[in-house]
>>> print(open('model-v6.cif').read())   # mmCIF, C-alpha atoms
data_model
loop_
_atom_site.group_PDB
_atom_site.id
_atom_site.type_symbol
_atom_site.label_atom_id
_atom_site.label_comp_id
_atom_site.auth_asym_id
_atom_site.auth_seq_id
_atom_site.Cartn_x
_atom_site.Cartn_y
_atom_site.Cartn_z
ATOM 1 C CA MET A 2 63.361 47.674 59.379
ATOM 2 C CA ARG A 3 59.781 46.579 58.643
ATOM 3 C CA GLU A 4 60.852 44.092 55.933
ATOM 4 C CA TYR A 5 63.404 42.618 58.279
ATOM 5 C CA ASN A 6 60.742 42.105 60.968
ATOM 6 C CA LYS A 7 58.231 40.429 58.598
ATOM 7 C CA ASN A 8 60.323 37.265 58.309
ATOM 8 C CA ARG A 9 60.522 36.787 62.066
ATOM 9 C CA ASN A 10 57.970 35.335 64.499
ATOM 10 C CA LYS A 11 55.420 37.526 66.265
ATOM 11 C CA THR A 12 56.919 37.029 69.744
ATOM 12 C CA GLU A 13 60.326 38.084 68.510
ATOM 13 C CA ASP A 14 58.782 41.097 66.779
ATOM 14 C CA SER A 15 57.173 42.370 69.975
ATOM 15 C CA SER A 16 60.373 41.981 71.974
ATOM 16 C CA ILE A 17 62.376 43.827 69.328
ATOM 17 C CA LYS A 18 59.817 46.633 69.241
ATOM 18 C CA LYS A 19 59.991 46.987 73.005
ATOM 19 C CA ARG A 20 63.714 47.268 72.909
ATOM 20 C CA MET A 21 63.778 49.780 70.023
ATOM 21 C CA PHE A 22 61.329 52.343 71.419
ATOM 22 C CA GLN A 23 58.477 52.337 73.879
ATOM 23 C CA ARG A 24 56.352 54.990 72.192
ATOM 24 C CA LYS A 25 56.844 58.072 70.115
ATOM 25 C CA LYS A 26 56.097 61.328 71.829
ATOM 26 C CA THR A 27 55.077 64.209 69.610
ATOM 27 C CA CYS A 28 55.774 67.822 70.328
ATOM 28 C CA ARG A 29 52.687 69.378 71.858
ATOM 29 C CA PHE A 30 53.405 72.802 70.401
ATOM 30 C CA CYS A 31 53.964 71.565 66.857
ATOM 31 C CA GLY A 32 50.575 69.870 67.002
ATOM 32 C CA ASP A 33 48.622 72.815 68.387
ATOM 33 C CA LYS A 34 49.852 76.128 67.064
ATOM 34 C CA THR A 35 47.495 78.249 69.155
ATOM 35 C CA ILE A 36 49.549 77.747 72.321
ATOM 36 C CA LEU A 37 51.919 80.658 72.809
ATOM 37 C CA ILE A 38 55.130 80.122 74.724
ATOM 38 C CA ASP A 39 55.551 83.281 76.779
ATOM 39 C CA PHE A 40 57.368 83.912 80.021
ATOM 40 C CA LYS A 41 54.160 85.394 81.433
ATOM 41 C CA GLU A 42 52.082 82.229 80.951
ATOM 42 C CA ILE A 43 53.159 80.335 84.004
ATOM 43 C CA ARG A 44 50.505 77.618 83.817
ATOM 44 C CA ILE A 45 52.132 76.229 80.673
ATOM 45 C CA LEU A 46 55.687 76.617 81.931
ATOM 46 C CA LYS A 47 54.896 74.839 85.205
ATOM 47 C CA MET A 48 54.261 71.625 83.263
ATOM 48 C CA TYR A 49 57.887 71.610 82.086
ATOM 49 C CA VAL A 50 59.443 72.137 85.485
ATOM 50 C CA THR A 51 59.955 69.569 88.260
ATOM 51 C CA GLU A 52 58.763 69.970 91.836
ATOM 52 C CA ARG A 53 62.130 71.368 92.815
ATOM 53 C CA GLY A 54 62.022 73.906 90.008
ATOM 54 C CA LYS A 55 64.380 72.231 87.531
ATOM 55 C CA ILE A 56 63.722 72.224 83.786
ATOM 56 C CA ILE A 57 62.553 68.876 82.409
ATOM 57 C CA PRO A 58 64.871 67.585 79.649
ATOM 58 C CA ARG A 59 63.685 67.220 76.105
ATOM 59 C CA ARG A 60 63.977 63.442 75.939
ATOM 60 C CA ILE A 61 61.364 63.207 78.702
ATOM 61 C CA SER A 62 59.071 66.073 77.788
ATOM 62 C CA GLY A 63 58.928 65.091 74.108
ATOM 63 C CA ASN A 64 59.359 68.574 72.689
ATOM 64 C CA CYS A 65 61.089 69.360 69.457
ATOM 65 C CA ALA A 66 64.354 71.289 69.572
ATOM 66 C CA LEU A 67 62.847 74.649 68.663
ATOM 67 C CA HIS A 68 60.092 74.580 71.253
ATOM 68 C CA GLN A 69 62.344 73.231 73.958
ATOM 69 C CA LEU A 70 64.618 76.206 73.334
ATOM 70 C CA GLU A 71 61.689 78.620 73.561
ATOM 71 C CA ILE A 72 60.487 77.023 76.772
ATOM 72 C CA LYS A 73 63.965 77.171 78.261
ATOM 73 C CA ARG A 74 64.217 80.892 77.451
ATOM 74 C CA ALA A 75 60.736 81.581 78.843
ATOM 75 C CA ILE A 76 61.469 79.704 82.077
ATOM 76 C CA LYS A 77 64.716 81.589 82.612
ATOM 77 C CA ARG A 78 62.988 84.916 81.996
ATOM 78 C CA ALA A 79 60.178 84.026 84.380
ATOM 79 C CA ARG A 80 62.728 83.070 87.014
ATOM 80 C CA SER A 81 64.419 86.453 86.723
ATOM 81 C CA MET A 82 61.058 88.193 87.248
ATOM 82 C CA ALA A 83 60.156 86.100 90.336
ATOM 83 C CA LEU A 84 57.288 84.339 88.580
ATOM 84 C CA LEU A 85 59.025 80.965 88.922
ATOM 85 C CA PRO A 86 61.573 79.937 91.548
ATOM 86 C CA TYR A 87 65.177 79.045 90.811
ATOM 87 C CA THR A 88 65.097 76.272 93.393
ATOM 88 C CA THR A 89 62.679 75.345 96.115
ATOM 89 C CA THR A 90 63.890 75.170 99.693
ATOM 90 C CA SER A 91 62.543 72.737 102.236
ATOM 91 C CA HIS A 92 59.504 74.867 103.002
ATOM 92 C CA GLY A 93 58.882 76.046 99.454
ATOM 93 C CA PHE A 94 57.086 74.430 96.558
ATOM 94 C CA ILE A 95 55.743 75.477 93.191
ATOM 95 C CA GLN A 96 52.567 77.469 93.746
ATOM 96 C CA THR A 97 49.577 76.062 91.919
ATOM 97 C CA SER A 98 47.444 79.162 92.274
ATOM 98 C CA TYR A 99 48.511 82.790 92.117
ATOM 99 C CA MET B 2 59.522 101.139 65.071
ATOM 100 C CA TYR B 3 59.210 97.812 66.809
ATOM 101 C CA ASP B 4 56.804 96.515 69.438
ATOM 102 C CA TYR B 5 58.116 96.018 72.938
ATOM 103 C CA GLU B 6 56.763 94.818 76.236
ATOM 104 C CA THR B 7 58.091 95.841 79.640
ATOM 105 C CA LEU B 8 57.110 94.027 82.807
ATOM 106 C CA CYS B 9 57.908 95.890 86.012
ATOM 107 C CA LEU B 10 57.991 94.547 89.553
ATOM 108 C CA VAL B 11 57.125 97.343 91.930
ATOM 109 C CA ASN B 12 56.889 97.788 95.695
ATOM 110 C CA PRO B 13 53.505 96.471 96.903
ATOM 111 C CA ASP B 14 53.217 99.067 99.674
ATOM 112 C CA LEU B 15 52.589 101.983 97.326
ATOM 113 C CA ASN B 16 49.352 104.016 97.312
ATOM 114 C CA ASP B 17 47.004 104.122 94.361
ATOM 115 C CA GLU B 18 48.063 107.692 93.670
ATOM 116 C CA GLU B 19 51.729 106.815 93.495
ATOM 117 C CA ILE B 20 51.054 103.919 91.178
ATOM 118 C CA GLY B 21 48.928 106.132 88.948
ATOM 119 C CA GLY B 22 51.794 108.619 88.927
ATOM 120 C CA PHE B 23 54.256 105.881 87.989
ATOM 121 C CA LYS B 24 52.093 104.681 85.118
ATOM 122 C CA SER B 25 51.513 108.180 83.767
ATOM 123 C CA LYS B 26 55.224 108.960 84.059
ATOM 124 C CA ILE B 27 56.184 106.035 81.878
ATOM 125 C CA GLU B 28 53.400 106.662 79.427
ATOM 126 C CA GLY B 29 54.617 110.265 79.229
ATOM 127 C CA ILE B 30 58.111 109.082 78.337
ATOM 128 C CA ILE B 31 56.688 106.876 75.597
ATOM 129 C CA THR B 32 54.659 109.686 74.033
ATOM 130 C CA SER B 33 57.518 112.178 74.311
ATOM 131 C CA PHE B 34 59.678 109.861 72.203
ATOM 132 C CA LYS B 35 56.902 109.604 69.594
ATOM 133 C CA GLY B 36 55.865 106.105 70.550
ATOM 134 C CA ASN B 37 52.434 104.491 70.850
ATOM 135 C CA VAL B 38 51.133 102.913 74.009
ATOM 136 C CA ASN B 39 49.249 99.744 73.023
ATOM 137 C CA LYS B 40 48.149 98.697 76.483
ATOM 138 C CA THR B 41 48.902 98.976 80.192
ATOM 139 C CA GLU B 42 48.055 96.136 82.547
ATOM 140 C CA ASP B 43 48.153 96.075 86.305
ATOM 141 C CA TRP B 44 48.253 92.539 87.639
ATOM 142 C CA GLY B 45 47.960 93.689 91.214
ATOM 143 C CA ILE B 46 49.742 92.266 94.227
ATOM 144 C CA LYS B 47 50.978 88.700 93.790
ATOM 145 C CA LYS B 48 53.001 86.305 95.870
ATOM 146 C CA LEU B 49 56.563 86.062 94.593
ATOM 147 C CA ALA B 50 58.441 82.834 93.960
ATOM 148 C CA TYR B 51 61.317 84.083 96.104
ATOM 149 C CA GLU B 52 62.065 87.056 98.335
ATOM 150 C CA VAL B 53 62.861 90.305 96.585
ATOM 151 C CA LYS B 54 64.174 93.179 98.731
ATOM 152 C CA LYS B 55 63.038 91.192 101.797
ATOM 153 C CA LYS B 56 59.421 91.075 100.629
ATOM 154 C CA ASN B 57 57.286 88.119 99.645
ATOM 155 C CA LYS B 58 54.693 90.046 97.623
ATOM 156 C CA GLY B 59 55.023 92.391 94.713
ATOM 157 C CA ARG B 60 53.012 94.350 92.217
ATOM 158 C CA TYR B 61 53.353 93.641 88.502
ATOM 159 C CA ILE B 62 52.708 96.280 85.850
ATOM 160 C CA LEU B 63 52.940 95.556 82.144
ATOM 161 C CA PHE B 64 53.444 98.118 79.379
ATOM 162 C CA GLN B 65 53.072 97.243 75.738
ATOM 163 C CA TYR B 66 54.209 99.918 73.294
ATOM 164 C CA ALA B 67 55.723 100.620 69.909
ATOM 165 C CA GLY B 68 58.870 102.669 69.610
ATOM 166 C CA SER B 69 62.565 102.818 68.898
ATOM 167 C CA GLY B 70 65.544 101.450 70.770
ATOM 168 C CA THR B 71 66.353 104.830 72.308
ATOM 169 C CA LEU B 72 62.894 104.846 73.894
ATOM 170 C CA VAL B 73 63.595 101.501 75.519
ATOM 171 C CA ASP B 74 66.910 102.795 76.888
ATOM 172 C CA GLU B 75 65.191 105.838 78.362
ATOM 173 C CA ILE B 76 62.474 103.777 80.040
ATOM 174 C CA GLU B 77 65.008 101.379 81.538
ATOM 175 C CA ARG B 78 67.164 104.253 82.746
ATOM 176 C CA ASN B 79 64.197 105.736 84.578
ATOM 177 C CA LEU B 80 63.234 102.388 86.062
ATOM 178 C CA ARG B 81 66.731 101.902 87.426
ATOM 179 C CA LEU B 82 66.667 105.299 89.145
ATOM 180 C CA LEU B 83 63.339 104.774 90.885
ATOM 181 C CA ASP B 84 63.512 103.402 94.431
ATOM 182 C CA TYR B 85 60.267 101.494 94.301
ATOM 183 C CA SER B 86 60.914 99.547 91.099
ATOM 184 C CA PHE B 87 62.676 96.309 91.976
ATOM 185 C CA LYS B 88 62.896 94.447 88.693
ATOM 186 C CA PHE B 89 62.056 94.968 85.055
ATOM 187 C CA LEU B 90 62.302 93.011 81.836
ATOM 188 C CA THR B 91 61.891 94.319 78.298
ATOM 189 C CA VAL B 92 61.083 91.961 75.490
ATOM 190 C CA LYS B 93 60.603 92.529 71.786
ATOM 191 C CA ILE B 94 57.300 91.076 70.631
ATOM 192 C CA ASP B 95 55.773 90.136 67.309
ATOM 193 C CA ILE B 96 52.286 91.647 67.302
ATOM 194 C CA LYS B 97 51.258 89.975 64.064
ATOM 195 C CA LYS B 98 51.921 86.556 65.541
ATOM 196 C CA LEU B 99 49.911 87.439 68.633
ATOM 197 C CA GLN B 100 47.010 88.583 66.489
ATOM 198 C CA LYS B 101 47.140 85.385 64.413
ATOM 199 C CA VAL B 102 47.049 83.242 67.543
ATOM 200 C CA ALA B 103 44.152 85.292 68.960
ATOM 201 C CA LYS B 104 42.188 84.858 65.717
ATOM 202 C CA ALA B 105 42.846 81.124 65.663
ATOM 203 C CA LYS B 106 41.634 80.812 69.260
ATOM 204 C CA GLU B 107 38.437 82.724 68.441
ATOM 205 C CA LYS B 108 37.781 80.413 65.489
ATOM 206 C CA GLU B 109 38.179 77.404 67.737
ATOM 207 C CA LYS B 110 35.708 78.839 70.231
ATOM 208 C CA VAL B 111 33.160 79.583 67.518
ATOM 209 C CA ALA B 112 33.599 76.109 66.062
ATOM 210 C CA SER B 113 33.084 74.431 69.433
ATOM 211 C CA GLN B 114 29.934 76.420 70.335
ATOM 212 C CA PRO B 115 27.479 74.995 67.730
ATOM 213 C CA GLU B 116 28.544 71.479 68.700
ATOM 214 C CA GLU B 117 27.549 72.204 72.292
ATOM 215 C CA THR B 118 24.148 73.576 71.285
ATOM 216 C CA LYS B 119 23.465 70.483 69.164
ATOM 217 C CA ALA B 120 24.330 68.173 72.045
#
>>> encode(input="model-v6.cif", output="structure tokens")
Amino acid sequence: MREYNKNRNKTEDSSIKKRMFQRKKTCRFCGDKTILIDFKEIRILKMYVTERGKIIPRRISGNCALHQLEIKRAIKRARSMALLPYTTTSHGFIQTSY
Amino acid sequence: MYDYETLCLVNPDLNDEEIGGFKSKIEGIITSFKGNVNKTEDWGIKKLAYEVKKKNKGRYILFQYAGSGTLVDEIERNLRLLDYSFKFLTVKIDIKKLQKVAKAKEKEKVASQPEETKA
């Protein structure tokens, strides 16, 4: 792909790059191995859940397959233990402090 | 012998005596089945994400122990019979991994401290 782009003009290169991918997101947990994914650590899980309580998909969060699976399991366990909500009603929202 | 962790959600209206009795009961079950209690944590009364048994607050108690599968069955059987235990979840844990992560975190802290003193 790089050799193909060398022969073209710079303006065309930038437009092609924009179309191919905006930026590469790396998995946060692969980079830092001291972060434990546990259903009890809500402050980490809250970052991967929307305001309404839905799980953020992998193509947006940037996680690798393994860690997305672990996060999904941890969120579902936390939901069953009333640490995270299943859905938020009109008066409810994700608590920032416990 | 594997390491397990049980998180219990308990009625928040209980006295301190009753909670002490609950903790000692479960620790007694663990020791009677020749298990080891690693730690017991009481998180206190917390606000729940949704209503459980028509209550918005609950008390969380965590038990970490080593034992066999029959021990886990016995603990869960007792938790189901009790009136004041609403929910429980048992998870198998890898203690070596937890220790590795704890060591790595300590190293990071030690490494960051001399930089602060220099600055």
>>> atom_distance(input="model-v6.cif", atom1="CA of Thr91 in chain B", atom2="CA of Arg78 in chain A")
10.2 Å
>>> residues_around(input="model-v6.cif", residues="Met82 in chain A", least_positions_apart="4", cutoff="9 Å", atoms="all atoms listed in the file", output="list of chain:residue names")
A:Lys77, A:Arg78, B:Leu8, B:Cys9, B:Leu10, B:Leu49, B:Ala50, B:Lys88, B:Phe89, B:Leu90
>>> write_last_selection(input="model-v6.cif", atoms="C-alpha atoms", output="mmCIF file, keeping the file's coordinate frame")
data_model
loop_
_atom_site.group_PDB
_atom_site.id
_atom_site.type_symbol
_atom_site.label_atom_id
_atom_site.label_comp_id
_atom_site.auth_asym_id
_atom_site.auth_seq_id
_atom_site.Cartn_x
_atom_site.Cartn_y
_atom_site.Cartn_z
ATOM 1 C CA LYS A 77 64.716 81.589 82.612
ATOM 2 C CA ARG A 78 62.988 84.916 81.996
ATOM 3 C CA LEU B 8 57.110 94.027 82.807
ATOM 4 C CA CYS B 9 57.908 95.890 86.012
ATOM 5 C CA LEU B 10 57.991 94.547 89.553
ATOM 6 C CA LEU B 49 56.563 86.062 94.593
ATOM 7 C CA ALA B 50 58.441 82.834 93.960
ATOM 8 C CA LYS B 88 62.896 94.447 88.693
ATOM 9 C CA PHE B 89 62.056 94.968 85.055
ATOM 10 C CA LEU B 90 62.302 93.011 81.836
#
>>> closest_residue(input="model-v6.cif", among="A:Thr27, A:Thr51, A:Thr90, A:Ser62", to="chain B", atoms="all atoms listed in the file")
A:Thr90
>>> interface_residues(input="model-v6.cif", of="chain A", to="chain B", cutoff="7 Å", atoms="all atoms listed in the file", output="number ranges by chain")
A: 35, 82-86, 99
>>> write_last_selection(input="model-v6.cif", atoms="C-alpha atoms", output="JSON list (two decimals), keeping the file's coordinate frame")
[["chain", "number", "residue", "atom", "x", "y", "z"],
["A", 35, "THR", "CA", 47.50, 78.25, 69.16],
["A", 82, "MET", "CA", 61.06, 88.19, 87.25],
["A", 83, "ALA", "CA", 60.16, 86.10, 90.34],
["A", 84, "LEU", "CA", 57.29, 84.34, 88.58],
["A", 85, "LEU", "CA", 59.02, 80.96, 88.92],
["A", 86, "PRO", "CA", 61.57, 79.94, 91.55],
["A", 99, "TYR", "CA", 48.51, 82.79, 92.12]]
>>> resolve_selection(input="model-v6.cif", expression="the PyMOL selection byres ((chain A and resi 30) around 12)", output="list in words")
Lys26, Thr27, Cys28, Arg29, Cys31, Gly32, Asp33, Lys34, Thr35, Ile36, Leu37, Ile38, Ile45, Ser62, Gly63, Asn64, Cys65, Ala66, Leu67, His68, Gln69, Glu71 and Ile72 of chain A
>>> atom_distance(input="model-v6.cif", atom1="CA of Glu19 in chain B", atom2="CA of Thr41 in chain B")
15.7 Å
>>> atom_distance(input="model-v6.cif", atom1="CA of Arg59 in chain A", atom2="CA of Ser81 in chain A")
22.0 Å
>>> closest_residue(input="model-v6.cif", among="B:Tyr85, B:Tyr5, B:Phe23, B:Trp44", to="Gly68 in chain B", atoms="all atoms listed in the file")
B:Tyr5
>>> resolve_selection(input="model-v6.cif", expression="the PyMOL selection byres ((chain B and resi 27-35) around 8)", output="PDB file with C-alpha atoms, keeping the file's coordinate frame")
ATOM      1  CA  PHE B  23      54.256 105.881  87.989  1.00  0.00           C
ATOM      2  CA  LYS B  24      52.093 104.681  85.118  1.00  0.00           C
ATOM      3  CA  SER B  25      51.513 108.180  83.767  1.00  0.00           C
ATOM      4  CA  LYS B  26      55.224 108.960  84.059  1.00  0.00           C
ATOM      5  CA  GLY B  36      55.865 106.105  70.550  1.00  0.00           C
ATOM      6  CA  ASN B  37      52.434 104.491  70.850  1.00  0.00           C
ATOM      7  CA  VAL B  38      51.133 102.913  74.009  1.00  0.00           C
ATOM      8  CA  TYR B  66      54.209  99.918  73.294  1.00  0.00           C
ATOM      9  CA  GLY B  68      58.870 102.669  69.610  1.00  0.00           C
ATOM     10  CA  LEU B  72      62.894 104.846  73.894  1.00  0.00           C
ATOM     11  CA  GLU B  75      65.191 105.838  78.362  1.00  0.00           C
ATOM     12  CA  ILE B  76      62.474 103.777  80.040  1.00  0.00           C
TER      13      ILE B  76
END
>>> decode(input="model-v6.cif", residues="range 20-50 of chain B", atoms="N, CA and C atoms", output="short mmCIF file (atom, residue, chain, number, x, y, z; two decimals), in the first residue's frame")
data_model
loop_
_atom_site.label_atom_id
_atom_site.label_comp_id
_atom_site.auth_asym_id
_atom_site.auth_seq_id
_atom_site.Cartn_x
_atom_site.Cartn_y
_atom_site.Cartn_z
N ILE B 20 -24.76 -9.32 61.69
CA ILE B 20 -23.80 -9.40 60.59
C ILE B 20 -22.55 -10.15 61.04
N GLY B 21 -22.13 -9.90 62.28
CA GLY B 21 -21.00 -10.67 62.81
C GLY B 21 -21.31 -12.15 62.85
N GLY B 22 -22.56 -12.48 63.22
CA GLY B 22 -22.98 -13.87 63.25
C GLY B 22 -22.98 -14.49 61.87
N PHE B 23 -23.42 -13.70 60.87
CA PHE B 23 -23.43 -14.19 59.49
C PHE B 23 -22.02 -14.48 59.01
N LYS B 24 -21.11 -13.54 59.29
CA LYS B 24 -19.73 -13.73 58.84
C LYS B 24 -19.10 -14.94 59.50
N SER B 25 -19.32 -15.08 60.81
CA SER B 25 -18.69 -16.21 61.51
C SER B 25 -19.31 -17.53 61.08
N LYS B 26 -20.61 -17.48 60.72
CA LYS B 26 -21.25 -18.72 60.24
C LYS B 26 -20.59 -19.22 58.97
N ILE B 27 -20.37 -18.27 58.03
CA ILE B 27 -19.79 -18.70 56.76
C ILE B 27 -18.33 -19.08 56.92
N GLU B 28 -17.64 -18.36 57.77
CA GLU B 28 -16.24 -18.75 58.01
C GLU B 28 -16.18 -20.11 58.69
N GLY B 29 -17.16 -20.42 59.53
CA GLY B 29 -17.22 -21.74 60.16
C GLY B 29 -17.42 -22.84 59.14
N ILE B 30 -18.27 -22.58 58.15
CA ILE B 30 -18.50 -23.58 57.10
C ILE B 30 -17.20 -23.82 56.34
N ILE B 31 -16.47 -22.74 56.06
CA ILE B 31 -15.23 -22.88 55.29
C ILE B 31 -14.23 -23.72 56.07
N THR B 32 -14.08 -23.46 57.35
CA THR B 32 -13.08 -24.21 58.13
C THR B 32 -13.53 -25.65 58.35
N SER B 33 -14.85 -25.87 58.46
CA SER B 33 -15.30 -27.25 58.66
C SER B 33 -15.04 -28.12 57.45
N PHE B 34 -14.99 -27.51 56.26
CA PHE B 34 -14.69 -28.27 55.05
C PHE B 34 -13.21 -28.23 54.72
N LYS B 35 -12.39 -27.89 55.67
CA LYS B 35 -10.92 -27.87 55.55
C LYS B 35 -10.48 -26.87 54.49
N GLY B 36 -11.09 -25.70 54.52
CA GLY B 36 -10.67 -24.64 53.61
C GLY B 36 -9.94 -23.55 54.38
N ASN B 37 -9.35 -22.60 53.63
CA ASN B 37 -8.66 -21.48 54.25
C ASN B 37 -9.37 -20.19 53.89
N VAL B 38 -9.60 -19.37 54.90
CA VAL B 38 -10.19 -18.06 54.63
C VAL B 38 -9.05 -17.09 54.36
N ASN B 39 -8.99 -16.53 53.15
CA ASN B 39 -7.93 -15.57 52.83
C ASN B 39 -8.27 -14.19 53.37
N LYS B 40 -9.48 -13.72 53.06
CA LYS B 40 -9.88 -12.44 53.62
C LYS B 40 -11.39 -12.28 53.59
N THR B 41 -11.86 -11.41 54.48
CA THR B 41 -13.29 -11.06 54.55
C THR B 41 -13.37 -9.54 54.50
N GLU B 42 -14.17 -9.03 53.56
CA GLU B 42 -14.32 -7.59 53.45
C GLU B 42 -15.78 -7.22 53.63
N ASP B 43 -15.99 -6.12 54.31
CA ASP B 43 -17.34 -5.59 54.47
C ASP B 43 -17.35 -4.21 53.82
N TRP B 44 -18.05 -4.09 52.70
CA TRP B 44 -18.07 -2.81 52.01
C TRP B 44 -19.06 -1.83 52.62
N GLY B 45 -19.87 -2.30 53.54
CA GLY B 45 -20.84 -1.40 54.15
C GLY B 45 -22.08 -1.23 53.28
N ILE B 46 -22.86 -0.22 53.65
CA ILE B 46 -24.14 0.01 52.97
C ILE B 46 -23.88 0.91 51.76
N LYS B 47 -24.34 0.44 50.59
CA LYS B 47 -24.15 1.19 49.36
C LYS B 47 -25.49 1.34 48.65
N LYS B 48 -25.55 2.35 47.80
CA LYS B 48 -26.75 2.54 47.00
C LYS B 48 -26.71 1.57 45.82
N LEU B 49 -27.83 0.91 45.59
CA LEU B 49 -27.87 -0.11 44.53
C LEU B 49 -28.24 0.53 43.20
N ALA B 50 -27.86 -0.15 42.12
CA ALA B 50 -28.15 0.38 40.79
C ALA B 50 -29.62 0.20 40.44
#
